[in-house]
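Data block below; observations after.
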Amino acid sequence: MNSDHAGTLLQAEGTSRPAGFLGQVVSFLLRGPGQLRSRPLGWGVSLLAVAGAALLVWSGAIHLQLWSDGYSDISVIGPLFLAQGIVGILIALALAVFRRMVMLGAGAVTLAATAVGLLLSVHVSLFGYRESLAVPYAVSSLVIEFTGAAVLVVAALVLLIAPRRG
């Protein structure tokens, strides 16, 4: 090992912040409410994350209920309902526990994509299946999913713009 650069190597290994673009991306994705300078804002982000997680569980439960009520027999849509129910609940659990930017994003995208999928199936058709807003849970799931996505986006925006500890 070249002793001229040994200090640089040790300094780079000893820093707690990852270097470079990839490090910045990882740091951004792992940003959480505990890093905020304002404790009330941190609590607010945590509350929004838990509320979003609860709405994600609710959406997942609706999809699992509909899957068991007969949607399991619909090609492509049935497996997607099962996957949304299970994955949505798993993301919600991780979101409630970790409350990191990556989990806020995953929850918001899952909720928004689920709502958009329903709207596509109503207005255009999705995988050859046409849905109606008159079926059980359709309107309530849209409200739950868009509200949950909005709550999680607000939490992510607070994490993005609020001052962090030094």
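Identifiers for the structure tokens are assigned positionally: chains receive A, B, ... in sequence, residues are indexed from 1 per chain, and ligands are indexed from 1 in the order shown.
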
Checklist entry - Excluding same-chain residues fewer than 4 positions from Pro136 in chain A, what lies within 12 Å of it counting only C-alpha atoms, as a PyMOL selection string? => result chain A and resi 62-63+65-66+69+71+131-132+140-142

Any chance you can output those residues with C-alpha atoms as a PDB file, in the first residue's frame?
ATOM      1  CA  ILE A  62     -60.182  -4.520   0.368  1.00  0.00           C
ATOM      2  CA  HIS A  63     -58.251  -6.227  -2.411  1.00  0.00           C
ATOM      3  CA  GLN A  65     -61.582  -9.401   0.390  1.00  0.00           C
ATOM      4  CA  LEU A  66     -62.504  -8.893  -3.258  1.00  0.00           C
ATOM      5  CA  ASP A  69     -65.178 -12.912  -3.122  1.00  0.00           C
ATOM      6  CA  TYR A  71     -61.918 -11.851  -8.275  1.00  0.00           C
ATOM      7  CA  GLU A 131     -64.816  -2.792 -14.194  1.00  0.00           C
ATOM      8  CA  SER A 132     -67.580  -0.492 -12.951  1.00  0.00           C
ATOM      9  CA  SER A 140     -64.274   3.815  -1.295  1.00  0.00           C
ATOM     10  CA  SER A 141     -61.043   2.234  -2.525  1.00  0.00           C
ATOM     11  CA  LEU A 142     -60.418   5.211  -4.816  1.00  0.00           C
TER      12      LEU A 142
END

Checklist entry - Please, which residues of range 38-100 of chain A, numbered as in this document, come out alpha helix (DSSP H) from DSSP, as number ranges by chain? => result A: 39-68, 77-98

Determine, counting only C-alpha atoms, which protein, DNA and RNA residues have an atom within 12 Å of an atom of Leu80 in chain A; residues of the same chain fewer than 6 positions away are not included. Present the result as a PDB file with N, CA and C atoms, in the first residue's frame.
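What landed in result-v8.pdb:
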ATOM      1  N   GLY A  60     -55.167  -2.802   0.936  1.00  0.00           N
ATOM      2  CA  GLY A  60     -54.777  -4.207   0.791  1.00  0.00           C
ATOM      3  C   GLY A  60     -55.867  -5.148   1.266  1.00  0.00           C
ATOM      4  N   HIS A  63     -58.620  -5.389  -1.279  1.00  0.00           N
ATOM      5  CA  HIS A  63     -58.251  -6.227  -2.411  1.00  0.00           C
ATOM      6  C   HIS A  63     -58.241  -7.717  -2.046  1.00  0.00           C
ATOM      7  N   LEU A  64     -57.812  -8.032  -0.847  1.00  0.00           N
ATOM      8  CA  LEU A  64     -57.847  -9.434  -0.417  1.00  0.00           C
ATOM      9  C   LEU A  64     -59.291  -9.913  -0.258  1.00  0.00           C
ATOM     10  N   LEU A  66     -61.950  -8.736  -1.913  1.00  0.00           N
ATOM     11  CA  LEU A  66     -62.504  -8.893  -3.258  1.00  0.00           C
ATOM     12  C   LEU A  66     -61.927 -10.131  -3.948  1.00  0.00           C
ATOM     13  N   TRP A  67     -60.647 -10.386  -3.719  1.00  0.00           N
ATOM     14  CA  TRP A  67     -60.030 -11.584  -4.297  1.00  0.00           C
ATOM     15  C   TRP A  67     -60.755 -12.837  -3.793  1.00  0.00           C
ATOM     16  N   TYR A  71     -62.868 -12.426  -7.329  1.00  0.00           N
ATOM     17  CA  TYR A  71     -61.918 -11.851  -8.275  1.00  0.00           C
ATOM     18  C   TYR A  71     -60.743 -12.797  -8.539  1.00  0.00           C
ATOM     19  N   SER A  72     -60.560 -13.791  -7.684  1.00  0.00           N
ATOM     20  CA  SER A  72     -59.480 -14.767  -7.875  1.00  0.00           C
ATOM     21  C   SER A  72     -59.656 -15.549  -9.173  1.00  0.00           C
ATOM     22  N   ASP A  73     -60.879 -15.611  -9.686  1.00  0.00           N
ATOM     23  CA  ASP A  73     -61.158 -16.368 -10.907  1.00  0.00           C
ATOM     24  C   ASP A  73     -60.922 -15.553 -12.181  1.00  0.00           C
ATOM     25  N   ILE A  74     -60.613 -14.262 -12.054  1.00  0.00           N
ATOM     26  CA  ILE A  74     -60.425 -13.413 -13.228  1.00  0.00           C
ATOM     27  C   ILE A  74     -58.950 -13.487 -13.646  1.00  0.00           C
ATOM     28  N   ILE A  86     -51.285  -8.460  -0.516  1.00  0.00           N
ATOM     29  CA  ILE A  86     -50.144  -8.924   0.291  1.00  0.00           C
ATOM     30  C   ILE A  86     -49.021  -7.894   0.299  1.00  0.00           C
ATOM     31  N   VAL A  87     -48.627  -7.430  -0.879  1.00  0.00           N
ATOM     32  CA  VAL A  87     -47.514  -6.476  -0.964  1.00  0.00           C
ATOM     33  C   VAL A  87     -47.880  -5.155  -0.287  1.00  0.00           C
ATOM     34  N   GLY A  88     -49.116  -4.710  -0.459  1.00  0.00           N
ATOM     35  CA  GLY A  88     -49.541  -3.470   0.187  1.00  0.00           C
ATOM     36  C   GLY A  88     -49.420  -3.544   1.699  1.00  0.00           C
ATOM     37  N   ALA A 113     -50.885   3.843  -7.994  1.00  0.00           N
ATOM     38  CA  ALA A 113     -50.961   2.894  -9.111  1.00  0.00           C
ATOM     39  C   ALA A 113     -52.199   2.017  -9.005  1.00  0.00           C
ATOM     40  N   THR A 114     -52.568   1.642  -7.796  1.00  0.00           N
ATOM     41  CA  THR A 114     -53.768   0.827  -7.599  1.00  0.00           C
ATOM     42  C   THR A 114     -55.017   1.608  -8.003  1.00  0.00           C
ATOM     43  N   GLY A 117     -55.067   2.018 -11.724  1.00  0.00           N
ATOM     44  CA  GLY A 117     -55.454   0.742 -12.328  1.00  0.00           C
ATOM     45  C   GLY A 117     -56.960   0.556 -12.330  1.00  0.00           C
ATOM     46  N   LEU A 118     -57.610   0.914 -11.231  1.00  0.00           N
ATOM     47  CA  LEU A 118     -59.067   0.816 -11.176  1.00  0.00           C
ATOM     48  C   LEU A 118     -59.704   1.755 -12.197  1.00  0.00           C
ATOM     49  N   LEU A 126     -58.643  -3.085 -18.583  1.00  0.00           N
ATOM     50  CA  LEU A 126     -57.298  -3.429 -18.120  1.00  0.00           C
ATOM     51  C   LEU A 126     -57.123  -4.934 -18.234  1.00  0.00           C
ATOM     52  N   PHE A 127     -56.149  -5.370 -19.034  1.00  0.00           N
ATOM     53  CA  PHE A 127     -55.895  -6.794 -19.282  1.00  0.00           C
ATOM     54  C   PHE A 127     -57.163  -7.498 -19.765  1.00  0.00           C
TER      55      PHE A 127
END

Next on the checklist: With distances taken over only C-alpha atoms, which residue among A:Leu22, A:Ala54, A:Leu30, A:Val143 lies nearest Leu160 in chain A?
Outcome noted: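 Ranking A:Leu22, A:Ala54, A:Leu30, A:Val143 by distance to Leu160 in chain A, first place goes to A:Leu30.
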
Next on the checklist: Applying 12 Å and only C-alpha atoms, which residues near Ala92 in chain A remain after dropping the ones on its own chain fewer than 3 positions away? List them as a PyMOL selection string.
Outcome noted: chain A and resi 49-61+84-89+95-100+103-108+110-111+148+152
